[in-house]
$ cat protein_14.txt   # compact mmCIF, C-alpha atoms
# COMPACT_ATOMS: atom_id res chain seq x y z
CA MET A 1 0.00 0.00 0.00
CA TYR A 2 2.81 2.40 0.84
CA ALA A 3 4.63 1.55 -2.40
CA ALA A 4 1.55 2.59 -4.36
CA ALA A 5 1.20 5.71 -2.21
CA SER A 6 4.81 6.66 -3.01
CA GLY A 7 3.89 6.35 -6.69
CA MET A 8 0.98 8.75 -6.18
CA ALA A 9 3.32 11.20 -4.45
CA ALA A 10 5.79 10.91 -7.36
CA ALA A 11 3.07 11.63 -9.91
CA GLN A 12 2.05 14.66 -7.86
CA GLN A 13 5.63 15.97 -7.71
CA THR A 14 5.96 15.51 -11.47
CA LEU A 15 2.75 17.49 -11.98
CA ASP A 16 4.06 20.29 -9.74
CA VAL A 17 7.29 20.55 -11.73
CA VAL A 18 5.56 20.43 -15.13
CA ALA A 19 2.96 22.98 -14.02
CA ASP A 20 5.75 25.34 -12.94
CA ASN A 21 7.46 24.88 -16.33
CA LEU A 22 4.24 25.55 -18.21
CA ALA A 23 3.52 28.64 -16.15
CA ASN A 24 6.87 30.02 -17.30
CA ALA A 25 6.64 28.88 -20.92
CA ASP A 26 6.45 32.50 -22.07
CA VAL A 27 9.17 33.88 -19.83
CA THR A 28 12.26 34.99 -21.74
CA GLY A 29 15.33 32.94 -20.81
CA PHE A 30 13.42 30.52 -18.57
CA LYS A 31 14.92 27.05 -18.20
CA SER A 32 12.77 24.02 -17.43
CA ASP A 33 13.09 21.90 -14.35
CA VAL A 34 13.28 18.11 -14.53
CA ALA A 35 12.41 15.81 -11.62
CA ALA A 36 14.12 12.44 -11.41
CA PHE A 37 12.82 9.39 -9.57
CA ALA A 38 14.38 6.09 -8.61
CA ALA A 39 13.28 2.85 -7.03
CA LEU A 40 13.43 2.72 -3.26
CA GLY A 41 15.26 -0.12 -1.57
CA GLY A 42 17.13 -2.36 -4.03
CA ASN A 43 15.39 -5.68 -4.58
CA ALA A 44 12.68 -5.15 -1.98
CA SER A 45 9.55 -3.56 -3.35
CA LEU A 46 9.30 -0.34 -1.39
CA GLY A 47 8.14 2.07 -4.06
CA THR A 48 9.77 5.14 -5.49
CA THR A 49 11.43 8.31 -4.29
CA GLU A 50 12.45 11.60 -5.84
CA ILE A 51 16.23 11.76 -6.14
CA GLY A 52 16.29 15.41 -7.09
CA THR A 53 15.33 17.99 -9.66
CA HIS A 54 17.72 19.70 -12.00
CA LEU A 55 17.53 22.57 -14.43
CA LEU A 56 17.64 21.72 -18.10
CA PHE A 57 19.89 24.20 -19.90
CA THR A 58 19.10 23.34 -23.49
CA GLN A 59 19.00 26.25 -25.89
CA GLY A 60 15.71 28.11 -26.18
CA LYS A 61 14.55 29.43 -29.50
CA LEU A 62 16.02 32.78 -30.55
CA VAL A 63 13.40 35.21 -31.69
CA ARG A 64 14.09 38.48 -33.47
CA THR A 65 12.47 41.29 -31.53
CA GLY A 66 14.13 44.46 -32.69
CA GLY A 67 14.17 45.86 -29.16
CA PRO A 68 16.95 48.49 -28.95
CA PHE A 69 18.90 46.64 -26.22
CA ASP A 70 17.69 43.06 -26.61
CA VAL A 71 20.46 40.48 -26.55
CA ALA A 72 20.40 36.69 -26.49
CA ILE A 73 23.06 34.04 -26.05
CA ASP A 74 23.51 31.52 -28.82
CA GLY A 75 25.37 28.71 -27.04
CA ALA A 76 26.21 28.08 -23.39
CA GLY A 77 26.83 30.87 -20.90
CA PHE A 78 25.18 33.57 -18.83
CA PHE A 79 24.97 37.32 -18.58
CA GLN A 80 26.26 38.69 -15.28
CA VAL A 81 23.77 40.96 -13.56
CA GLU A 82 23.69 42.74 -10.24
CA ARG A 83 21.02 44.33 -8.07
CA GLY A 84 21.58 45.98 -4.71
CA GLY A 85 25.00 44.34 -4.30
CA CYS A 86 23.57 40.93 -5.09
CA ARG A 87 25.22 39.12 -8.00
CA ALA A 88 23.22 36.83 -10.25
CA PHE A 89 23.27 35.24 -13.68
CA THR A 90 20.68 35.10 -16.40
CA ARG A 91 20.07 34.26 -20.03
CA ALA A 92 17.19 36.70 -20.32
CA GLY A 93 18.49 39.67 -22.27
CA ALA A 94 15.54 42.05 -22.44
CA PHE A 95 17.40 45.12 -21.20
CA SER A 96 16.61 48.78 -21.40
CA ARG A 97 18.71 51.83 -20.67
CA ALA A 98 18.41 53.20 -17.17
CA ARG A 99 18.94 56.85 -16.31
CA ASP A 100 22.54 56.25 -15.19
CA GLY A 101 23.41 54.74 -18.57
CA SER A 102 23.47 51.14 -17.43
CA LEU A 103 21.37 48.42 -19.02
CA GLN A 104 18.72 46.93 -16.72
CA ASP A 105 15.98 44.39 -17.10
CA ALA A 106 12.38 45.00 -15.99
CA ASP A 107 13.15 43.95 -12.39
CA GLY A 108 16.14 46.25 -12.04
CA TRP A 109 18.89 43.67 -12.56
CA LYS A 110 21.81 45.63 -13.99
CA LEU A 111 24.03 44.15 -16.72
CA ASP A 112 27.76 44.23 -15.97
CA GLY A 113 30.28 46.14 -18.01
CA VAL A 114 28.15 48.31 -20.26
CA ARG A 115 27.47 52.06 -20.08
CA ILE A 116 25.45 53.70 -22.81
CA PRO A 117 26.11 57.44 -23.00
CA GLU A 118 23.06 59.65 -23.16
CA ALA A 119 23.97 61.14 -26.50
CA ALA A 120 24.33 57.72 -28.14
CA THR A 121 22.31 57.35 -31.29
CA ARG A 122 23.03 53.92 -32.71
CA VAL A 123 23.89 50.93 -30.61
CA ASP A 124 25.41 47.74 -31.91
CA VAL A 125 26.49 44.60 -30.09
CA ALA A 126 28.97 42.33 -31.82
CA ALA A 127 28.85 38.54 -31.51
CA ASP A 128 31.77 38.62 -29.05
CA GLY A 129 29.89 41.07 -26.79
CA ARG A 130 31.64 44.31 -27.73
CA VAL A 131 29.18 47.18 -27.52
CA THR A 132 29.67 50.15 -29.81
CA VAL A 133 27.56 53.25 -29.92
CA GLU A 134 27.53 56.25 -32.19
CA VAL A 135 27.97 59.60 -30.51
CA ALA A 136 27.81 62.62 -32.77
CA ALA A 137 28.18 60.34 -35.81
CA LYS A 138 31.41 58.85 -34.43
CA PRO A 139 31.63 55.22 -33.29
CA ARG A 140 32.65 54.78 -29.66
CA SER A 141 33.08 51.75 -27.43
CA ALA A 142 30.50 51.46 -24.65
CA GLY A 143 31.96 48.44 -22.91
CA ARG A 144 31.73 44.75 -23.37
CA ILE A 145 29.23 42.11 -22.31
CA GLN A 146 31.31 39.42 -20.65
CA LEU A 147 29.65 36.03 -20.58
CA VAL A 148 30.42 33.51 -17.85
CA ALA A 149 29.93 29.77 -17.59
CA PHE A 150 29.66 27.27 -14.75
CA VAL A 151 31.12 23.85 -14.26
CA ALA A 152 27.70 22.51 -13.28
CA PRO A 153 24.99 24.99 -14.33
CA GLU A 154 22.35 22.39 -13.42
CA HIS A 155 23.00 23.12 -9.76
CA LEU A 156 22.45 26.88 -9.97
CA ARG A 157 19.82 28.20 -7.60
CA GLN A 158 16.77 29.82 -9.15
CA VAL A 159 16.30 33.29 -7.65
CA ASP A 160 13.56 34.36 -9.99
CA SER A 161 12.01 32.75 -13.08
CA ALA A 162 15.08 33.34 -15.20
CA ILE A 163 17.59 34.70 -12.68
CA PHE A 164 20.09 32.29 -11.13
CA ALA A 165 22.60 32.47 -8.30
CA ALA A 166 25.81 30.46 -7.96
CA THR A 167 25.91 27.66 -5.38
CA GLU A 168 28.69 25.51 -4.01
CA ALA A 169 27.62 22.65 -6.29
CA SER A 170 27.48 24.81 -9.42
CA GLY A 171 30.98 26.17 -8.80
CA ALA A 172 32.14 29.76 -9.20
CA PRO A 173 31.46 31.56 -12.49
CA HIS A 174 34.36 31.57 -14.90
CA THR A 175 34.84 33.57 -18.07
CA ILE A 176 34.62 31.70 -21.33
CA PRO A 177 37.99 31.63 -23.12
CA ALA A 178 37.80 33.30 -26.52
CA GLY A 179 38.42 31.49 -29.75
CA GLY A 180 37.09 28.03 -28.87
CA ASP A 181 34.87 26.35 -31.40
CA ARG A 182 32.00 26.29 -28.90
CA GLN A 183 32.36 29.95 -28.07
CA PRO A 184 28.86 31.31 -27.41
CA LYS A 185 27.74 34.15 -29.65
CA ILE A 186 25.71 37.14 -28.62
CA ALA A 187 22.79 37.76 -30.92
CA PHE A 188 21.80 41.41 -30.90
CA GLY A 189 18.15 42.37 -31.43
CA THR A 190 16.90 38.92 -30.45
CA LEU A 191 15.61 37.26 -27.27
CA GLU A 192 15.83 33.67 -26.13
CA LYS A 193 12.45 32.08 -25.51
CA SER A 194 11.99 29.58 -22.70
CA ASN A 195 13.05 26.02 -23.49
CA VAL A 196 9.72 24.65 -22.26
CA SER A 197 8.06 22.49 -24.87
CA ILE A 198 4.30 22.83 -24.48
CA VAL A 199 3.64 19.56 -26.29
CA GLU A 200 6.11 17.62 -24.16
CA SER A 201 4.73 19.22 -20.99
CA MET A 202 1.20 18.22 -21.95
CA MET A 203 2.34 14.66 -22.56
CA ALA A 204 4.10 14.67 -19.18
CA ILE A 205 0.89 15.89 -17.51
CA LEU A 206 -1.15 13.12 -19.11
CA ALA A 207 1.44 10.51 -18.13
CA ALA A 208 1.53 11.81 -14.53
CA GLN A 209 -2.26 11.77 -14.34
CA ARG A 210 -2.39 8.19 -15.53
CA ALA A 211 0.40 7.20 -13.14
CA TYR A 212 -1.51 8.81 -10.29
CA GLU A 213 -4.70 6.94 -11.15
CA ALA A 214 -2.93 3.61 -11.60
CA ASN A 215 -1.19 3.98 -8.25
CA ALA A 216 -4.45 5.02 -6.61
CA LYS A 217 -5.87 1.71 -7.89
CA GLY A 218 -2.91 -0.02 -6.22
CA VAL A 219 -3.73 1.64 -2.88
CA GLN A 220 -7.38 0.67 -3.28
CA ALA A 221 -6.50 -2.93 -4.05
CA ALA A 222 -4.21 -3.16 -1.02
CA ASP A 223 -6.93 -1.64 1.15
CA GLU A 224 -9.51 -4.05 -0.24
CA MET A 225 -7.24 -7.00 0.52
CA LEU A 226 -6.88 -5.89 4.11
CA ARG A 227 -10.67 -5.66 4.34
CA ILE A 228 -10.99 -9.20 2.95
CA ALA A 229 -8.40 -10.45 5.41
CA ASN A 230 -10.39 -8.87 8.22
CA ASN A 231 -13.44 -10.82 7.09
CA ILE A 232 -11.79 -14.25 7.01
CA HIS A 233 -13.67 -15.35 10.07
CA ARG A 234 -17.06 -14.45 8.61
CA GLY A 235 -16.30 -16.28 5.36
CA MET B 1 -0.76 -30.07 3.43
CA ASP B 2 -3.64 -28.81 5.45
CA GLY B 3 -6.19 -26.89 3.36
CA ILE B 4 -6.36 -23.88 5.64
CA ALA B 5 -2.56 -23.54 5.74
CA LEU B 6 -2.40 -23.96 1.94
CA MET B 7 -4.97 -21.23 1.40
CA ALA B 8 -3.07 -19.00 3.82
CA THR B 9 0.07 -19.37 1.66
CA ALA B 10 -2.04 -18.59 -1.42
CA MET B 11 -3.24 -15.41 0.24
CA ARG B 12 0.31 -14.50 1.14
CA ALA B 13 1.45 -15.15 -2.44
CA ALA B 14 -1.29 -12.84 -3.74
CA GLN B 15 -0.20 -10.19 -1.26
CA GLU B 16 3.40 -10.46 -2.41
CA ARG B 17 2.27 -10.14 -6.03
CA LEU B 18 0.38 -7.00 -5.15
CA ASP B 19 3.42 -5.56 -3.34
CA VAL B 20 5.65 -6.15 -6.37
CA SER B 21 3.09 -4.77 -8.84
CA ALA B 22 2.48 -1.72 -6.66
CA ALA B 23 6.23 -1.04 -6.49
CA ASN B 24 6.47 -1.46 -10.27
CA LEU B 25 3.60 0.98 -10.74
CA ALA B 26 5.20 3.45 -8.36
CA ASN B 27 8.27 3.48 -10.62
CA VAL B 28 6.44 4.04 -13.88
CA SER B 29 8.35 7.33 -14.27
CA SER B 30 11.71 6.33 -12.76
CA ASN B 31 14.31 6.48 -15.53
CA GLY B 32 16.32 3.30 -15.94
CA PHE B 33 13.94 1.28 -13.77
CA HIS B 34 13.38 -2.36 -14.68
CA LYS B 35 10.28 -3.98 -13.30
CA ARG B 36 10.25 -7.14 -11.21
CA LEU B 37 8.29 -10.13 -12.44
CA THR B 38 6.61 -12.57 -10.04
CA ARG B 39 6.04 -16.26 -10.52
CA ALA B 40 4.10 -18.49 -8.12
CA ARG B 41 5.27 -22.06 -7.59
CA LEU B 42 3.54 -24.82 -5.66
CA THR B 43 5.97 -26.43 -3.21
CA ALA B 44 5.63 -28.75 -0.23
CA GLY B 45 5.30 -25.62 1.89
CA GLY B 46 2.41 -24.23 -0.18
CA LEU B 47 2.50 -21.45 -2.78
CA GLU B 48 5.81 -19.65 -3.00
CA THR B 49 6.51 -16.49 -4.94
CA GLU B 50 9.72 -15.94 -6.85
CA THR B 51 10.66 -12.58 -8.30
CA SER B 52 13.07 -11.77 -11.10
CA LEU B 53 14.14 -8.64 -12.96
CA ASP B 54 12.58 -8.01 -16.37
CA PRO B 55 15.54 -7.25 -18.66
CA ALA B 56 13.39 -5.76 -21.45
CA GLN B 57 14.62 -2.44 -22.79
CA GLY B 58 12.70 0.62 -21.63
CA PRO B 59 11.80 3.32 -24.16
CA LEU B 60 14.69 5.63 -25.11
CA ARG B 61 13.60 9.19 -24.49
CA ARG B 62 15.30 12.19 -26.04
CA THR B 63 16.40 14.86 -23.57
CA GLY B 64 18.93 16.84 -25.57
CA ARG B 65 21.47 16.94 -22.70
CA ALA B 66 24.85 15.62 -23.87
CA PHE B 67 25.51 13.93 -20.51
CA ASP B 68 22.21 12.05 -20.37
CA LEU B 69 23.37 8.58 -21.34
CA ALA B 70 21.53 5.38 -22.15
CA VAL B 71 22.61 2.04 -23.54
CA ALA B 72 20.61 1.07 -26.62
CA GLY B 73 20.14 -2.67 -26.79
CA ALA B 74 22.08 -5.06 -24.58
CA GLY B 75 24.98 -4.05 -22.36
CA THR B 76 25.95 -1.73 -19.55
CA PHE B 77 28.46 0.95 -18.62
CA SER B 78 30.29 1.30 -15.31
CA VAL B 79 29.81 3.75 -12.47
CA ARG B 80 31.51 3.96 -9.10
CA GLU B 81 29.31 4.01 -6.00
CA HIS B 82 30.02 6.06 -2.87
CA ASP B 83 31.68 3.11 -1.18
CA GLY B 84 34.05 2.54 -4.11
CA ARG B 85 32.20 -0.46 -5.54
CA VAL B 86 31.85 -0.56 -9.30
CA ALA B 87 28.29 -1.01 -10.53
CA ALA B 88 26.87 -1.70 -13.98
CA GLU B 89 24.38 0.91 -15.16
CA ARG B 90 22.21 1.26 -18.25
CA SER B 91 21.11 4.86 -18.11
CA GLY B 92 21.71 8.02 -16.14
CA SER B 93 21.75 11.82 -16.04
CA PHE B 94 25.30 12.91 -15.32
CA PHE B 95 26.50 16.32 -14.15
CA ARG B 96 30.00 17.74 -14.20
CA ASP B 97 31.60 18.64 -10.90
CA ALA B 98 34.49 21.05 -10.27
CA ALA B 99 37.04 18.43 -11.34
CA GLY B 100 35.16 17.71 -14.56
CA HIS B 101 34.06 14.29 -13.32
CA LEU B 102 30.57 13.19 -14.26
CA ASN B 103 28.25 12.28 -11.36
CA ASP B 104 24.61 11.22 -11.45
CA GLU B 105 21.85 12.41 -9.10
CA ARG B 106 22.80 9.80 -6.55
CA GLY B 107 26.43 10.90 -6.57
CA ARG B 108 27.78 7.95 -8.52
CA THR B 109 30.73 8.68 -10.77
CA LEU B 110 30.99 7.67 -14.42
CA LEU B 111 34.02 5.48 -15.02
CA GLY B 112 36.35 5.50 -17.98
CA GLN B 113 38.83 2.79 -18.77
CA HIS B 114 41.38 4.46 -16.48
CA GLY B 115 39.26 5.57 -13.53
CA PRO B 116 36.70 8.42 -13.43
CA LEU B 117 36.31 10.35 -16.67
CA ALA B 118 37.21 14.04 -16.58
CA VAL B 119 35.57 15.99 -19.39
CA GLY B 120 35.09 19.57 -20.51
CA ALA B 121 31.70 21.30 -20.65
CA GLY B 122 31.41 20.87 -24.40
CA ALA B 123 32.49 17.24 -24.57
CA THR B 124 30.46 14.78 -26.61
CA ILE B 125 30.25 11.02 -26.30
CA ASP B 126 29.84 8.84 -29.38
CA PRO B 127 27.95 5.50 -29.59
CA SER B 128 31.07 3.44 -28.83
CA GLY B 129 31.68 5.42 -25.61
CA VAL B 130 34.59 7.52 -26.87
CA VAL B 131 34.62 11.01 -25.35
CA HIS B 132 35.48 13.78 -27.80
CA ASP B 133 36.46 17.18 -26.47
CA GLY B 134 37.40 20.02 -28.80
CA GLY B 135 38.33 17.70 -31.67
CA ALA B 136 40.53 15.43 -29.52
CA VAL B 137 39.75 12.12 -27.85
CA ALA B 138 39.48 12.81 -24.11
CA GLY B 139 38.78 9.31 -22.88
CA ARG B 140 36.79 6.18 -23.33
CA MET B 141 33.91 4.95 -21.18
CA GLU B 142 34.13 1.59 -19.47
CA MET B 143 31.42 -0.44 -21.20
CA SER B 144 30.49 -4.04 -21.71
CA ALA B 145 31.55 -5.46 -25.07
CA GLY B 146 29.27 -4.62 -27.97
CA ALA B 147 27.17 -2.08 -26.05
CA SER B 148 26.00 0.92 -28.02
CA LEU B 149 25.58 4.23 -26.24
CA ALA B 150 23.02 6.96 -26.97
CA SER B 151 24.07 10.38 -25.71
CA GLY B 152 21.22 12.85 -25.21
CA PHE B 153 18.83 10.04 -24.31
CA LEU B 154 17.58 8.41 -21.11
CA GLU B 155 16.08 4.98 -20.83
CA GLY B 156 12.57 5.28 -19.44
CA SER B 157 11.04 2.81 -17.02
CA ASN B 158 10.01 -0.47 -18.67
CA VAL B 159 6.84 -0.62 -16.57
CA ASP B 160 3.62 -0.75 -18.55
CA ALA B 161 1.02 0.88 -16.30
CA VAL B 162 -1.96 -0.92 -17.87
CA HIS B 163 -0.37 -4.33 -17.55
CA GLU B 164 0.63 -3.63 -13.98
CA MET B 165 -2.84 -2.40 -13.05
CA ILE B 166 -4.37 -5.60 -14.36
CA ASP B 167 -1.85 -7.53 -12.27
CA VAL B 168 -2.92 -5.55 -9.20
CA LEU B 169 -6.59 -6.40 -9.79
CA ASP B 170 -5.73 -10.00 -10.56
CA ALA B 171 -3.76 -10.33 -7.32
CA GLN B 172 -6.65 -8.82 -5.40
CA ARG B 173 -9.09 -11.34 -6.89
CA ALA B 174 -6.70 -14.24 -6.25
CA PHE B 175 -6.48 -13.08 -2.64
CA GLU B 176 -10.27 -12.98 -2.41
CA THR B 177 -10.64 -16.45 -3.95
CA ALA B 178 -8.15 -17.94 -1.51
CA GLN B 179 -9.94 -16.24 1.37
CA LYS B 180 -13.31 -17.62 0.20
CA ALA B 181 -11.83 -21.13 -0.11
CA LEU B 182 -10.31 -20.79 3.34
CA GLY B 183 -13.70 -19.73 4.68
CA ALA B 184 -15.39 -22.71 3.00
CA ILE B 185 -12.90 -25.16 4.50
CA ASP B 186 -13.39 -23.53 7.87
CA GLU B 187 -17.15 -23.82 7.50
CA THR B 188 -16.89 -27.53 6.59
CA ARG B 189 -14.73 -28.17 9.63
CA ASN B 190 -17.20 -26.28 11.74
CA LYS B 191 -19.96 -28.61 10.51
CA ASP B 192 -17.72 -31.68 11.06
CA ALA B 193 -16.96 -30.69 14.59
CA ASN B 194 -20.24 -29.30 15.77
CA ASP B 195 -23.11 -30.73 13.67
CA VAL B 196 -22.20 -34.15 12.25
CA ALA B 197 -21.56 -35.72 15.60
CA ARG B 198 -24.06 -33.76 17.60
CA VAL B 199 -25.70 -35.71 20.33
CA ARG B 200 -29.34 -34.81 20.71
CA SER B 201 -30.24 -34.06 24.22
$ encode --input "protein_14.txt" --output "structure tokens"
Amino acid sequence: MYAAASGMAAAQQTLDVVADNLANADVTGFKSDVAAFAALGGNASLGTTEIGTHLLFTQGKLVRTGGPFDVAIDGAGFFQVERGGCRAFTRAGAFSRARDGSLQDADGWKLDGVRIPEAATRVDVAADGRVTVEVAAKPRSAGRIQLVAFVAPEHLRQVDSAIFAATEASGAPHTIPAGGDRQPKIAFGTLEKSNVSIVESMMAILAAQRAYEANAKGVQAADEMLRIANNIHRG
Amino acid sequence: MDGIALMATAMRAAQERLDVSAANLANVSSNGFHKRLTRARLTAGGLETETSLDPAQGPLRRTGRAFDLAVAGAGTFSVREHDGRVAAERSGSFFRDAAGHLNDERGRTLLGQHGPLAVGAGATIDPSGVVHDGGAVAGRMEMSAGASLASGFLEGSNVDAVHEMIDVLDAQRAFETAQKALGAIDETRNKDANDVARVRS
């Protein structure tokens, strides 16, 4: 009975994770969560248990937006952002220019290393992150977007939908050496959509629902058997 | 063997079948899980249940993560447990740690032919288990002969929920039947003892 109950709990946890993914399917730079389960207790039949969830950092679709300061990462890596002395990392690049010239997202997370002068007319971001602006019809450097990577990005802590903080397990951020063949590129004027697949999420929901029902049947059957055992004496 | 004792072992066998089926059902979404099969056997001590592992391949599911590994077809690869033992594994989600070693969710380390594999973030693993990193060969996984590896895939559980549910119901009915038979034997004995030889007063 408890084995079946653990299966119901697992189906419920799966539903929670999938529902959270679906809720964020439209959030720029969101990365889906995956829950993993394993059998409990070797050869004995004890049921199942969650062995952890991890973030899935597959590439989201890049969509051309034309926003003046929209940037997306094509490849692995993160933007470094900061708010109130708190350092975080994100792949959501929907920035806009704040009054002090820095680039910030809607929640006030400030992108490192870039200052856009007030008089700037045209802004361009190269694939390697160099930002150039045009001031009085003359090109000028406005800083560089430095991407960082992690040894184990799966273990980053989610601060907000698409904002992550480093943890001991993820390791410290390190800059990505230039010139490698897997060097991430910065795509200017585009945004990265979430990597949630609606179709796959729907299938996962159906599967979890069925698993829940099947395990509920298991609990019922075990309960029924106990009832029958209780009635042995009455035949 | 006494009928009541025999029926009691039949009830216990049905219970064990239910336990196994329920545990199989509970693991319908555990990656790499292989279900246990039960088989009842009539012995001098009544019905006995034997269980065995179903070796059938689970469905290979695409995940897109380079370090999600599954063996397609027969065979296994090697991981090292916490206590240093080497275990054979068929599928797992591996994550790089600070040393570049690949560990799964339970902290088991992926083994190459010369101890734990150390790989870079962009490494890829080909079907024969050779690790390529930046155009060079970075190592070779320890695998059983002839095994073919799928990188970016996980092996799903080989539990079929419908089949398992039917087994649960079947076990429940078998339990009920044995209980009814036990009751009938009990009833007969009751008659034997109290009615057949009743002395009218």
$ interface_residues --input "protein_14.txt" --of "chain B" --to "chain A" --cutoff "8 Å" --atoms "all atoms listed in the file" --output "PyMOL selection string"
chain B and resi 15+18-20+22-31+33+64-65+95-98+100+105-106+121-122+134+161-162+165+168-169+172+175-176+179-180+182-184+187
$ atom_distance --input "protein_14.txt" --atom1 "CA of Val119 in chain B" --atom2 "CA of Leu147 in chain A"
20.9 Å
$ atom_distance --input "protein_14.txt" --atom1 "CA of Val86 in chain B" --atom2 "CA of Arg36 in chain B"
22.7 Å
$ residues_around --input "protein_14.txt" --residues "Ala70 in chain B" --least-positions-apart "5" --cutoff "7 Å" --atoms "only C-alpha atoms" --output "number ranges by chain"
B: 90-92, 149-151, 153-155
$ atom_distance --input "protein_14.txt" --atom1 "CA of Ala136 in chain A" --atom2 "CA of Arg122 in chain A"
9.9 Å
$ residues_around --input "protein_14.txt" --residues "Leu53 in chain B" --least-positions-apart "6" --cutoff "7 Å" --atoms "only C-alpha atoms" --output "PyMOL selection string"
chain B and resi 34-37
$ residues_around --input "protein_14.txt" --residues "range 100-117 of chain A" --least-positions-apart "4" --cutoff "8 Å" --atoms "all atoms listed in the file" --output "list in words"
Phe69, Phe79, Gln80, Val81, Glu82, Arg83, Gly93, Ala94, Phe95, Ser96, Val131, Val133, Ala142, Gly143, Arg144, Ile145 and Gln146 of chain A
$ closest_residue --input "protein_14.txt" --among "A:Ile73, A:Val148, A:Ile163, A:Leu206" --to "Ala126 in chain A" --atoms "only C-alpha atoms"
A:Ile73
$ axis_aligned_box --input "protein_14.txt" --around "range 156-161 of chain A" --padding-each-side "6 Å" --output "JSON"
{"center_x": 17.2, "center_y": 30.6, "center_z": -10.3, "size_x": 22.4, "size_y": 19.5, "size_z": 17.5}
$ closest_residue --input "protein_14.txt" --among "A:Ser32, A:Asn230, A:Thr121, A:Gln13" --to "Val196 in chain A" --atoms "all atoms listed in the file"
A:Ser32
$ residues_around --input "protein_14.txt" --residues "range 20-23 of chain A" --least-positions-apart "6" --cutoff "12 Å" --atoms "only C-alpha atoms" --output "list in words"
Gln13, Thr14, Phe30, Lys31, Ser32, Asp33, Val34, Ala35, Leu55, Leu56, Ser161, Ala162, Ser194, Asn195, Val196, Ser197, Ile198, Val199, Glu200, Ser201, Met202, Met203, Ala204 and Ile205 of chain A
$ closest_residue --input "protein_14.txt" --among "A:Pro139, A:Gly29, A:Pro173, A:Gly75" --to "Lys185 in chain A" --atoms "all atoms listed in the file"
A:Gly75
$ closest_residue --input "protein_14.txt" --among "B:Met1, B:Asp68, B:Leu117, B:Phe77" --to "Phe94 in chain B" --atoms "all atoms listed in the file"
B:Asp68
